[in-house]
>>> print(open('run_23.txt').read())   # compact mmCIF, C-alpha atoms and all ligand atoms
# COMPACT_ATOMS: atom_id res chain seq x y z
CA MET O 1 25.40 -34.58 -15.39
CA THR O 2 25.34 -30.96 -16.48
CA PHE O 3 23.61 -29.41 -19.47
CA ALA O 4 27.04 -28.90 -21.05
CA GLU O 5 27.91 -32.60 -20.78
CA THR O 6 24.61 -33.81 -22.22
CA SER O 7 24.49 -31.34 -25.09
CA GLY O 8 28.14 -31.43 -26.03
CA VAL O 9 28.50 -27.64 -25.87
CA GLY O 10 31.59 -26.13 -24.30
CA THR O 11 31.63 -25.68 -20.57
CA ALA O 12 31.95 -21.92 -21.09
CA GLU O 13 28.23 -21.90 -21.97
CA ALA O 14 27.63 -24.25 -19.05
CA VAL O 15 24.45 -24.94 -17.17
CA PRO O 16 21.49 -22.75 -18.19
CA THR O 17 20.13 -20.67 -15.36
CA PRO O 18 16.35 -20.58 -15.22
CA VAL O 19 14.82 -17.35 -16.47
CA LEU O 20 13.07 -15.48 -13.70
CA ALA O 21 9.97 -13.44 -14.41
CA ALA O 22 10.55 -11.68 -11.11
CA LYS O 23 13.42 -11.62 -8.67
CA THR O 24 13.94 -9.64 -5.49
CA ARG O 25 17.00 -9.46 -3.30
CA GLY O 26 17.16 -8.03 0.19
CA LEU O 27 13.84 -6.29 -0.29
CA ARG O 28 12.82 -4.11 2.62
CA LYS O 29 9.90 -1.74 3.04
CA LEU O 30 9.27 0.41 6.09
CA TYR O 31 6.10 2.38 6.72
CA ARG O 32 7.22 4.82 9.43
CA ASN O 33 8.21 2.41 12.21
CA THR O 34 6.45 -0.63 10.76
CA VAL O 35 8.59 -3.16 8.94
CA ALA O 36 6.20 -4.39 6.22
CA VAL O 37 8.74 -6.65 4.49
CA ASP O 38 12.40 -7.40 5.15
CA HIS O 39 15.08 -9.62 3.60
CA VAL O 40 12.66 -10.77 0.90
CA ASP O 41 14.58 -12.85 -1.68
CA LEU O 42 11.85 -14.04 -4.01
CA ASP O 43 12.30 -16.00 -7.24
CA VAL O 44 9.38 -16.35 -9.64
CA PRO O 45 10.49 -18.69 -12.46
CA GLU O 46 9.15 -17.87 -15.91
CA GLY O 47 6.15 -20.05 -16.75
CA ALA O 48 5.37 -20.83 -13.10
CA VAL O 49 2.12 -20.30 -11.27
CA LEU O 50 3.48 -19.17 -7.93
CA GLY O 51 1.17 -19.03 -4.95
CA MET O 52 2.16 -16.48 -2.32
CA LEU O 53 0.84 -17.66 1.01
CA GLY O 54 0.95 -15.99 4.37
CA PRO O 55 -1.16 -15.00 7.33
CA ASN O 56 -2.73 -11.54 7.54
CA GLY O 57 -0.09 -8.82 7.72
CA SER O 58 2.75 -11.10 6.57
CA GLY O 59 3.67 -8.76 3.70
CA LYS O 60 2.01 -10.30 0.63
CA THR O 61 0.33 -7.14 -0.63
CA THR O 62 3.40 -5.01 0.09
CA THR O 63 5.61 -7.44 -1.88
CA ILE O 64 3.16 -7.38 -4.78
CA ARG O 65 2.94 -3.58 -4.77
CA LEU O 66 6.74 -3.38 -4.79
CA LEU O 67 6.95 -5.79 -7.74
CA LEU O 68 4.47 -3.67 -9.67
CA GLY O 69 6.29 -0.42 -8.99
CA LEU O 70 3.28 0.89 -7.04
CA THR O 71 5.48 1.68 -4.09
CA THR O 72 9.24 2.04 -3.77
CA PRO O 73 11.43 -0.15 -1.56
CA THR O 74 13.27 1.31 1.41
CA SER O 75 16.19 -0.86 0.23
CA GLY O 76 16.83 -3.92 -1.89
CA GLU O 77 16.60 -4.88 -5.55
CA ILE O 78 13.75 -5.82 -7.87
CA GLU O 79 14.08 -7.28 -11.37
CA LEU O 80 11.36 -8.16 -13.83
CA PHE O 81 12.59 -10.37 -16.69
CA GLY O 82 16.13 -9.46 -15.78
CA ALA O 83 15.50 -5.70 -15.94
CA ARG O 84 15.90 -3.55 -12.83
CA LEU O 85 13.08 -1.49 -11.38
CA PRO O 86 12.51 1.41 -11.26
CA GLU O 87 14.82 2.15 -14.23
CA ALA O 88 13.12 -0.36 -16.56
CA ALA O 89 9.56 0.27 -15.37
CA ALA O 90 8.28 1.86 -18.59
CA ALA O 91 9.69 -0.99 -20.69
CA VAL O 92 8.58 -3.99 -18.63
CA LEU O 93 5.46 -3.00 -16.70
CA PRO O 94 3.19 -2.92 -19.80
CA GLN O 95 3.89 -6.67 -20.10
CA VAL O 96 2.60 -7.19 -16.57
CA GLY O 97 -1.12 -7.46 -15.83
CA ALA O 98 -2.24 -6.90 -12.27
CA LEU O 99 -5.23 -7.26 -10.03
CA VAL O 100 -4.50 -5.43 -6.80
CA GLU O 101 -6.67 -4.14 -4.00
CA GLY O 102 -9.05 -1.32 -4.78
CA PRO O 103 -8.93 -0.96 -8.57
CA GLY O 104 -9.95 2.56 -9.45
CA PHE O 105 -13.07 2.10 -11.55
CA HIS O 106 -15.56 4.86 -12.14
CA PRO O 107 -18.81 4.11 -10.27
CA PHE O 108 -21.16 5.82 -12.77
CA LEU O 109 -19.73 4.22 -15.89
CA SER O 110 -20.68 0.76 -17.11
CA GLY O 111 -18.28 -2.16 -16.84
CA ARG O 112 -17.59 -1.93 -20.57
CA ASP O 113 -16.96 1.84 -20.52
CA ASN O 114 -14.62 1.45 -17.57
CA LEU O 115 -12.63 -1.19 -19.43
CA LEU O 116 -12.58 0.95 -22.58
CA ARG O 117 -10.90 3.65 -20.50
CA CYS O 118 -8.40 1.16 -19.09
CA ALA O 119 -7.70 -0.22 -22.57
CA ALA O 120 -7.03 3.27 -23.95
CA ALA O 121 -4.20 3.57 -21.40
CA GLU O 122 -2.56 0.30 -22.50
CA PRO O 123 0.58 1.10 -24.50
CA LEU O 124 0.56 -2.34 -26.14
CA LEU O 125 -3.00 -2.03 -27.50
CA ALA O 126 -3.71 -0.34 -30.87
CA SER O 127 -6.84 1.87 -30.92
CA LYS O 128 -8.72 -0.28 -33.41
CA ALA O 129 -8.11 -3.40 -31.30
CA ILE O 130 -9.62 -1.86 -28.16
CA PRO O 131 -13.35 -2.79 -28.51
CA GLY O 132 -12.52 -6.41 -29.36
CA ALA O 133 -10.05 -6.70 -26.48
CA VAL O 134 -12.62 -5.31 -24.03
CA ASP O 135 -15.35 -7.72 -25.19
CA GLU O 136 -12.96 -10.65 -24.99
CA ALA O 137 -11.86 -9.73 -21.46
CA LEU O 138 -15.50 -9.32 -20.32
CA GLU O 139 -16.36 -12.71 -21.80
CA ARG O 140 -13.35 -14.35 -20.17
CA VAL O 141 -14.35 -13.29 -16.66
CA GLY O 142 -18.07 -13.97 -17.14
CA LEU O 143 -19.20 -10.32 -17.18
CA ALA O 144 -20.42 -10.08 -20.78
CA ASP O 145 -24.10 -10.06 -19.78
CA ALA O 146 -23.58 -7.32 -17.17
CA ALA O 147 -21.21 -5.24 -19.32
CA ASN O 148 -23.65 -2.34 -19.85
CA ARG O 149 -24.67 -1.98 -16.20
CA ARG O 150 -23.10 0.70 -14.01
CA TYR O 151 -20.07 -0.42 -11.99
CA ARG O 152 -21.70 1.10 -8.89
CA GLY O 153 -24.36 -1.63 -8.89
CA TYR O 154 -21.95 -4.53 -9.26
CA SER O 155 -21.60 -7.08 -6.46
CA LEU O 156 -18.23 -7.51 -4.73
CA GLY O 157 -17.58 -10.59 -6.87
CA MET O 158 -18.38 -8.68 -10.08
CA LYS O 159 -16.06 -5.86 -9.03
CA GLN O 160 -13.34 -8.45 -8.46
CA ARG O 161 -13.95 -9.82 -11.96
CA MET O 162 -13.63 -6.32 -13.40
CA GLY O 163 -10.17 -6.08 -11.88
CA LEU O 164 -9.29 -9.41 -13.44
CA ALA O 165 -10.65 -8.31 -16.82
CA ALA O 166 -8.47 -5.17 -16.70
CA ALA O 167 -5.42 -7.36 -16.01
CA LEU O 168 -6.24 -9.49 -19.06
CA LEU O 169 -6.88 -6.75 -21.63
CA VAL O 170 -3.70 -7.56 -23.53
CA PRO O 171 -1.63 -10.74 -23.65
CA ARG O 172 0.81 -10.50 -20.75
CA ARG O 173 4.09 -12.19 -19.94
CA PHE O 174 3.38 -11.94 -16.25
CA VAL O 175 0.07 -11.65 -14.39
CA VAL O 176 -0.05 -10.73 -10.70
CA LEU O 177 -3.28 -11.38 -8.81
CA ASP O 178 -3.72 -10.27 -5.20
CA GLU O 179 -6.41 -12.46 -3.59
CA PRO O 180 -8.34 -12.87 -6.87
CA THR O 181 -11.08 -15.05 -5.39
CA ASN O 182 -11.97 -12.57 -2.63
CA GLY O 183 -15.72 -12.10 -2.65
CA LEU O 184 -16.36 -14.74 -5.30
CA ASP O 185 -18.87 -17.58 -4.92
CA PRO O 186 -17.79 -21.17 -5.71
CA ALA O 187 -18.68 -20.78 -9.40
CA GLY O 188 -16.67 -17.55 -9.62
CA THR O 189 -13.77 -19.22 -7.84
CA ARG O 190 -13.81 -22.03 -10.40
CA GLU O 191 -13.80 -19.46 -13.21
CA VAL O 192 -10.75 -17.73 -11.75
CA ARG O 193 -9.00 -21.09 -11.48
CA ALA O 194 -9.82 -21.75 -15.13
CA VAL O 195 -8.42 -18.34 -16.14
CA ILE O 196 -5.19 -19.12 -14.23
CA ALA O 197 -4.98 -22.53 -15.90
CA ASP O 198 -5.47 -20.91 -19.35
CA LEU O 199 -2.76 -18.36 -18.64
CA HIS O 200 -0.40 -21.11 -17.48
CA ALA O 201 -1.12 -23.19 -20.59
CA ALA O 202 -0.31 -20.16 -22.75
CA GLY O 203 3.09 -19.83 -21.03
CA THR O 204 2.23 -16.76 -18.95
CA THR O 205 3.86 -16.53 -15.53
CA VAL O 206 1.30 -16.03 -12.75
CA LEU O 207 1.85 -14.80 -9.20
CA VAL O 208 -1.25 -15.23 -7.07
CA SER O 209 -1.66 -14.44 -3.40
CA SER O 210 -4.24 -16.34 -1.46
CA HIS O 211 -5.14 -17.31 2.06
CA LEU O 212 -6.94 -20.37 0.68
CA LEU O 213 -4.30 -23.02 1.02
CA SER O 214 -6.32 -25.67 -0.75
CA GLU O 215 -6.62 -23.34 -3.71
CA VAL O 216 -2.87 -22.84 -3.93
CA GLU O 217 -2.40 -26.59 -3.70
CA ALA O 218 -4.85 -27.06 -6.57
CA THR O 219 -3.66 -24.31 -8.92
CA CYS O 220 0.02 -23.56 -8.32
CA THR O 221 3.28 -25.11 -9.49
CA HIS O 222 5.36 -23.10 -7.03
CA VAL O 223 4.77 -21.58 -3.63
CA ALA O 224 6.36 -18.88 -1.48
CA VAL O 225 5.35 -18.69 2.17
CA LEU O 226 5.63 -15.32 3.88
CA HIS O 227 5.75 -14.93 7.63
CA GLN O 228 6.30 -11.68 9.51
CA GLY O 229 7.47 -9.88 6.39
CA THR O 230 9.95 -12.42 5.11
CA VAL O 231 9.96 -15.50 2.88
CA VAL O 232 10.26 -18.57 5.10
CA ALA O 233 9.94 -21.18 2.35
CA GLN O 234 9.77 -21.19 -1.43
CA GLY O 235 10.19 -23.57 -4.28
CA GLU O 236 8.28 -26.09 -6.32
CA LEU O 237 5.10 -27.15 -4.59
CA LYS O 238 5.89 -30.84 -4.96
CA ASP O 239 9.35 -30.39 -3.38
CA LEU O 240 7.96 -28.46 -0.43
CA LEU O 241 5.31 -31.09 0.14
CA GLU O 242 7.93 -33.83 -0.11
CA ALA O 243 10.17 -32.08 2.41
CA SER O 244 7.30 -31.73 4.86
CA ASN O 245 6.54 -35.45 4.78
CA ALA O 246 8.26 -36.85 7.82
CA GLY O 247 5.98 -39.81 8.44
CA LEU O 248 5.71 -43.33 7.07
CA LEU O 249 2.49 -45.29 7.53
CA VAL O 250 3.04 -49.03 7.93
CA SER O 251 0.16 -51.48 7.79
CA THR O 252 0.73 -54.63 9.84
CA PRO O 253 -1.35 -56.88 12.14
CA GLU O 254 1.54 -56.98 14.66
CA VAL O 255 1.66 -53.36 15.72
CA THR O 256 3.20 -53.87 19.16
CA ALA O 257 6.00 -56.07 17.84
CA ALA O 258 6.66 -53.57 15.06
CA VAL O 259 6.84 -50.56 17.40
CA ASP O 260 9.17 -52.49 19.75
CA ALA O 261 11.46 -53.60 16.91
CA LEU O 262 11.76 -50.05 15.61
CA ARG O 263 12.34 -48.54 19.03
CA ASP O 264 15.10 -51.12 19.65
CA ASN O 265 16.76 -49.56 16.61
CA ARG O 266 16.16 -45.99 17.81
CA ILE O 267 13.45 -45.33 15.24
CA PRO O 268 10.47 -43.56 16.87
CA ALA O 269 7.07 -45.05 15.99
CA ARG O 270 3.59 -45.12 17.45
CA ALA O 271 0.37 -47.06 16.90
CA VAL O 272 -2.33 -45.40 14.77
CA PRO O 273 -5.74 -46.82 13.71
CA ASP O 274 -4.44 -48.44 10.49
CA GLY O 275 -1.10 -49.72 11.81
CA LEU O 276 1.81 -47.57 12.88
CA LEU O 277 3.23 -44.19 12.05
CA VAL O 278 7.00 -44.04 11.86
CA ASP O 279 8.94 -40.80 12.32
CA LEU O 280 11.39 -40.61 9.42
CA SER O 281 13.43 -37.68 10.72
CA ALA O 282 16.22 -40.02 11.87
CA SER O 283 15.92 -42.86 9.32
CA THR O 284 14.74 -43.73 5.81
CA ALA O 285 11.86 -45.81 4.48
CA PRO O 286 14.14 -48.70 3.34
CA GLU O 287 15.76 -48.82 6.81
CA VAL O 288 12.35 -49.05 8.45
CA VAL O 289 11.22 -51.88 6.15
CA ALA O 290 14.51 -53.77 6.60
CA THR O 291 14.23 -53.47 10.40
CA LEU O 292 10.69 -54.84 10.37
CA VAL O 293 11.57 -57.71 8.04
CA ARG O 294 14.56 -58.68 10.23
CA ALA O 295 12.19 -58.78 13.22
CA ASP O 296 9.79 -61.08 11.31
CA VAL O 297 7.01 -58.49 11.38
CA PRO O 298 4.61 -59.02 8.45
CA VAL O 299 4.34 -55.78 6.41
CA TYR O 300 1.21 -55.44 4.27
CA GLU O 301 1.66 -51.89 3.03
CA VAL O 302 4.05 -48.95 3.44
CA ARG O 303 3.21 -45.45 2.29
CA ARG O 304 4.32 -41.92 2.99
CA GLN O 305 2.01 -39.81 5.06
CA ARG O 306 1.00 -36.77 2.99
CA THR O 307 0.80 -33.78 5.25
CA GLY O 308 -0.66 -31.39 2.71
CA LEU O 309 0.11 -27.76 2.26
CA GLU O 310 -2.06 -26.80 5.21
CA ASP O 311 0.21 -28.69 7.61
CA LEU O 312 3.33 -27.27 5.96
CA PHE O 313 1.92 -23.77 6.22
CA ALA O 314 1.12 -24.30 9.92
CA GLN O 315 4.59 -25.72 10.59
CA LEU O 316 6.23 -22.71 8.98
CA THR O 317 4.11 -19.96 10.45
CA GLU O 318 3.16 -21.11 13.92
CA THR O 319 6.66 -20.69 15.33
CA THR O 320 7.16 -17.10 16.37
N1 LIG P 401 0.38 1.84 3.63
C1 LIG P 401 0.75 1.32 4.81
N2 LIG P 401 1.01 2.10 5.88
C2 LIG P 401 1.40 1.59 7.06
N3 LIG P 401 1.58 0.25 7.29
C3 LIG P 401 1.33 -0.58 6.27
C4 LIG P 401 0.90 -0.11 4.98
N4 LIG P 401 0.74 -1.19 4.16
C5 LIG P 401 1.04 -2.28 4.91
N5 LIG P 401 1.39 -1.92 6.17
C6 LIG P 401 1.81 -2.84 7.25
O1 LIG P 401 2.79 -3.71 6.74
C7 LIG P 401 2.55 -5.06 7.19
C8 LIG P 401 2.35 -5.99 6.01
O2 LIG P 401 1.10 -5.69 5.40
P1 LIG P 401 0.59 -6.33 4.03
O3 LIG P 401 -0.69 -5.67 3.67
O4 LIG P 401 1.67 -6.32 3.04
O5 LIG P 401 0.33 -7.84 4.48
P2 LIG P 401 -0.59 -8.96 3.80
O6 LIG P 401 0.14 -10.24 3.98
O7 LIG P 401 -0.96 -8.57 2.42
O8 LIG P 401 -1.86 -8.95 4.74
P3 LIG P 401 -3.41 -9.29 4.40
O9 LIG P 401 -3.49 -10.75 4.11
O10 LIG P 401 -4.11 -8.91 5.67
O11 LIG P 401 -3.79 -8.42 3.24
C9 LIG P 401 1.39 -4.98 8.15
O12 LIG P 401 1.88 -4.83 9.45
C10 LIG P 401 0.66 -3.72 7.71
O13 LIG P 401 -0.04 -3.15 8.78
>>> encode(input="run_23.txt", output="structure tokens", more="lines below")
Ligand SMILES: Nc1ncnc2c1ncn2[C@@H]1O[C@H](COP(=O)(O)OP(=O)(O)OP(=O)(O)O)[C@@H](O)[C@H]1O
Amino acid sequence: MTFAETSGVGTAEAVPTPVLAAKTRGLRKLYRNTVAVDHVDLDVPEGAVLGMLGPNGSGKTTTIRLLLGLTTPTSGEIELFGARLPEAAAAVLPQVGALVEGPGFHPFLSGRDNLLRCAAAEPLLASKAIPGAVDEALERVGLADAANRRYRGYSLGMKQRMGLAAALLVPRRFVVLDEPTNGLDPAGTREVRAVIADLHAAGTTVLVSSHLLSEVEATCTHVAVLHQGTVVAQGELKDLLEASNAGLLVSTPEVTAAVDALRDNRIPARAVPDGLLVDLSASTAPEVVATLVRADVPVYEVRRQRTGLEDLFAQLTETT
């Protein structure tokens, strides 16, 4: 049933298309002879926390830099909130907060003074609101106590937090974080996760790149997997995990009889420590259960094997 049918509005208004915070089509970036990204069609739905995953050199940072207008595409289209870059850059980029590699902070200024300089360059921040915004951002990333120390003496983790604080100086519609937990200890990592969760709860769209698959699984609603400069899978995390689940675990004391009965019906299965693992690529869970019941095999438990994002990631990126 469509939106139009359920709401009673005319079909002319039809099904609502989801608003995209960011959209790219046919994005390509060449550095001399190196193809950094190619054919990148990325959708970042508004309100999502999208994890961008990919091995080293797969094009994550290049895609992020293109989205932020920090580099120009060789070809292809980029839209932020429906507005085309580079034409709409001045209008939309102030609504986008970013943590990207190598933020340019001044080594001899304190953390607070650096952020005061960043805040002064924010078009959406009134002068009188600057000191409060800086203190709030420092507090949010756990740097309030070190705010008056020189940036030069900060640890890698503290420098990373400074970048995050700069991204959070004003309320943003869209926050883009390139490897935000790089250099952070477990406590810092938890704090970054909490910041992402707060942003998500406030309705902010977040794009976060990470090589920590478990982290993406824990913090993201959506995922895009990059491999050799192109997007090889994207969508809601739960859908991608579902699609990667090809196995059914069956618990039974009669493993041999069960495997034989399934193989007689051309359903591949093999014994595993807790029973048998059935390959679902050519059948469905109800068919498997019905086959076993017809063969008088006692079935104690049936559950889907969860492969986890790590397995999905390996499946998608190990084929070259
Ligand atoms: N400024 C540049 N000049 C030349 N080549 C570049 C430049 N930036 C990126 N590349 C190349 O483009 C490809 C994609 O790099 P990119 O940094 O986007 O990948 P990544 O997925 O972010 O990698 P990592 O996880 O290692 O940061 C790589 O082959 C890289 O060497």
>>> atom_distance(input="run_23.txt", atom1="atom CA of Ala144 of chain O", atom2="atom CA of Ala98 of chain O")
20.3 Å
>>> residues_near_ligand(input="run_23.txt", ligand="ligand LIG 401 (chain P)", cutoff="7 Å", atoms="only C-alpha atoms and all ligand atoms", output="list in words")
Tyr31, Thr34, Val35, Ala36, Val37, Gly54, Pro55, Asn56, Gly57, Ser58, Gly59, Lys60, Thr61, Thr62, Thr63 and Gly229 of chain O
>>> residues_around(input="run_23.txt", residues="His222 of chain O", least_positions_apart="5", cutoff="7 Å", atoms="all atoms listed in the file", output="list in words")
Ala48, Val49, Leu50, Gly51, Gly235, Glu236 and Leu237 of chain O
>>> residues_around(input="run_23.txt", residues="Ala257 of chain O", least_positions_apart="3", cutoff="10 Å", atoms="all atoms listed in the file", output="list of chain:residue names")
O:Thr252, O:Pro253, O:Glu254, O:Asp260, O:Ala261, O:Leu262, O:Arg263, O:Leu292, O:Ala295, O:Asp296, O:Val297, O:Pro298
>>> residues_around(input="run_23.txt", residues="Asn182 of chain O", least_positions_apart="2", cutoff="12 Å", atoms="all atoms listed in the file", output="CSV table (one decimal) with C-alpha atoms, in the coordinates of the input")
chain,number,residue,atom,x,y,z
O,99,LEU,CA,-5.2,-7.3,-10.0
O,100,VAL,CA,-4.5,-5.4,-6.8
O,101,GLU,CA,-6.7,-4.1,-4.0
O,102,GLY,CA,-9.0,-1.3,-4.8
O,155,SER,CA,-21.6,-7.1,-6.5
O,156,LEU,CA,-18.2,-7.5,-4.7
O,157,GLY,CA,-17.6,-10.6,-6.9
O,158,MET,CA,-18.4,-8.7,-10.1
O,159,LYS,CA,-16.1,-5.9,-9.0
O,160,GLN,CA,-13.3,-8.4,-8.5
O,161,ARG,CA,-14.0,-9.8,-12.0
O,163,GLY,CA,-10.2,-6.1,-11.9
O,164,LEU,CA,-9.3,-9.4,-13.4
O,177,LEU,CA,-3.3,-11.4,-8.8
O,178,ASP,CA,-3.7,-10.3,-5.2
O,179,GLU,CA,-6.4,-12.5,-3.6
O,180,PRO,CA,-8.3,-12.9,-6.9
O,184,LEU,CA,-16.4,-14.7,-5.3
O,185,ASP,CA,-18.9,-17.6,-4.9
O,186,PRO,CA,-17.8,-21.2,-5.7
O,188,GLY,CA,-16.7,-17.6,-9.6
O,189,THR,CA,-13.8,-19.2,-7.8
O,192,VAL,CA,-10.8,-17.7,-11.8
O,208,VAL,CA,-1.2,-15.2,-7.1
O,209,SER,CA,-1.7,-14.4,-3.4
O,210,SER,CA,-4.2,-16.3,-1.5
O,211,HIS,CA,-5.1,-17.3,2.1
O,212,LEU,CA,-6.9,-20.4,0.7
>>> decode(input="run_23.txt", residues="segment 195-217 of chain O", atoms="N, CA and C atoms", output="mmCIF file, in the first residue's frame")
data_model
loop_
_atom_site.group_PDB
_atom_site.id
_atom_site.type_symbol
_atom_site.label_atom_id
_atom_site.label_comp_id
_atom_site.auth_asym_id
_atom_site.auth_seq_id
_atom_site.Cartn_x
_atom_site.Cartn_y
_atom_site.Cartn_z
ATOM 1 N N VAL O 195 28.756 11.172 21.800
ATOM 2 C CA VAL O 195 28.503 12.397 21.029
ATOM 3 C C VAL O 195 27.682 12.052 19.782
ATOM 4 N N ILE O 196 28.040 10.963 19.103
ATOM 5 C CA ILE O 196 27.289 10.548 17.902
ATOM 6 C C ILE O 196 25.844 10.212 18.277
ATOM 7 N N ALA O 197 25.672 9.509 19.394
ATOM 8 C CA ALA O 197 24.315 9.155 19.831
ATOM 9 C C ALA O 197 23.497 10.411 20.159
ATOM 10 N N ASP O 198 24.135 11.407 20.791
ATOM 11 C CA ASP O 198 23.449 12.678 21.099
ATOM 12 C C ASP O 198 23.032 13.386 19.817
ATOM 13 N N LEU O 199 23.953 13.424 18.849
ATOM 14 C CA LEU O 199 23.645 14.088 17.582
ATOM 15 C C LEU O 199 22.463 13.398 16.910
ATOM 16 N N HIS O 200 22.503 12.067 16.910
ATOM 17 C CA HIS O 200 21.429 11.287 16.279
ATOM 18 C C HIS O 200 20.091 11.568 16.975
ATOM 19 N N ALA O 201 20.126 11.594 18.307
ATOM 20 C CA ALA O 201 18.887 11.843 19.063
ATOM 21 C C ALA O 201 18.327 13.231 18.756
ATOM 22 N N ALA O 202 19.223 14.178 18.449
ATOM 23 C CA ALA O 202 18.778 15.543 18.143
ATOM 24 C C ALA O 202 18.351 15.690 16.679
ATOM 25 N N GLY O 203 18.407 14.595 15.914
ATOM 26 C CA GLY O 203 17.946 14.630 14.523
ATOM 27 C C GLY O 203 19.020 15.002 13.519
ATOM 28 N N THR O 204 20.265 15.153 13.980
ATOM 29 C CA THR O 204 21.363 15.496 13.075
ATOM 30 C C THR O 204 21.767 14.263 12.266
ATOM 31 N N THR O 205 22.024 14.438 10.985
ATOM 32 C CA THR O 205 22.546 13.357 10.161
ATOM 33 C C THR O 205 24.048 13.257 10.409
ATOM 34 N N VAL O 206 24.547 12.038 10.546
ATOM 35 C CA VAL O 206 25.982 11.847 10.799
ATOM 36 C C VAL O 206 26.543 10.887 9.743
ATOM 37 N N LEU O 207 27.676 11.263 9.170
ATOM 38 C CA LEU O 207 28.430 10.354 8.306
ATOM 39 C C LEU O 207 29.763 10.130 8.991
ATOM 40 N N VAL O 208 30.081 8.878 9.288
ATOM 41 C CA VAL O 208 31.303 8.592 10.026
ATOM 42 C C VAL O 208 32.075 7.497 9.312
ATOM 43 N N SER O 209 33.354 7.769 9.023
ATOM 44 C CA SER O 209 34.146 6.699 8.421
ATOM 45 C C SER O 209 34.919 6.013 9.524
ATOM 46 N N SER O 210 35.098 4.727 9.367
ATOM 47 C CA SER O 210 35.796 3.975 10.405
ATOM 48 C C SER O 210 36.313 2.677 9.805
ATOM 49 N N HIS O 211 37.445 2.229 10.343
ATOM 50 C CA HIS O 211 37.887 0.885 9.965
ATOM 51 C C HIS O 211 37.501 -0.098 11.062
ATOM 52 N N LEU O 212 36.910 0.429 12.140
ATOM 53 C CA LEU O 212 36.483 -0.442 13.245
ATOM 54 C C LEU O 212 35.064 -0.912 12.983
ATOM 55 N N LEU O 213 34.965 -2.112 12.458
ATOM 56 C CA LEU O 213 33.666 -2.624 12.030
ATOM 57 C C LEU O 213 32.709 -2.758 13.200
ATOM 58 N N SER O 214 33.249 -3.203 14.331
ATOM 59 C CA SER O 214 32.380 -3.388 15.498
ATOM 60 C C SER O 214 31.790 -2.049 15.918
ATOM 61 N N GLU O 215 32.563 -0.997 15.733
ATOM 62 C CA GLU O 215 32.077 0.324 16.112
ATOM 63 C C GLU O 215 30.917 0.767 15.222
ATOM 64 N N VAL O 216 31.066 0.513 13.928
ATOM 65 C CA VAL O 216 29.988 0.861 12.994
ATOM 66 C C VAL O 216 28.732 0.062 13.345
ATOM 67 N N GLU O 217 28.932 -1.212 13.664
ATOM 68 C CA GLU O 217 27.798 -2.068 14.009
ATOM 69 C C GLU O 217 27.093 -1.532 15.259
#
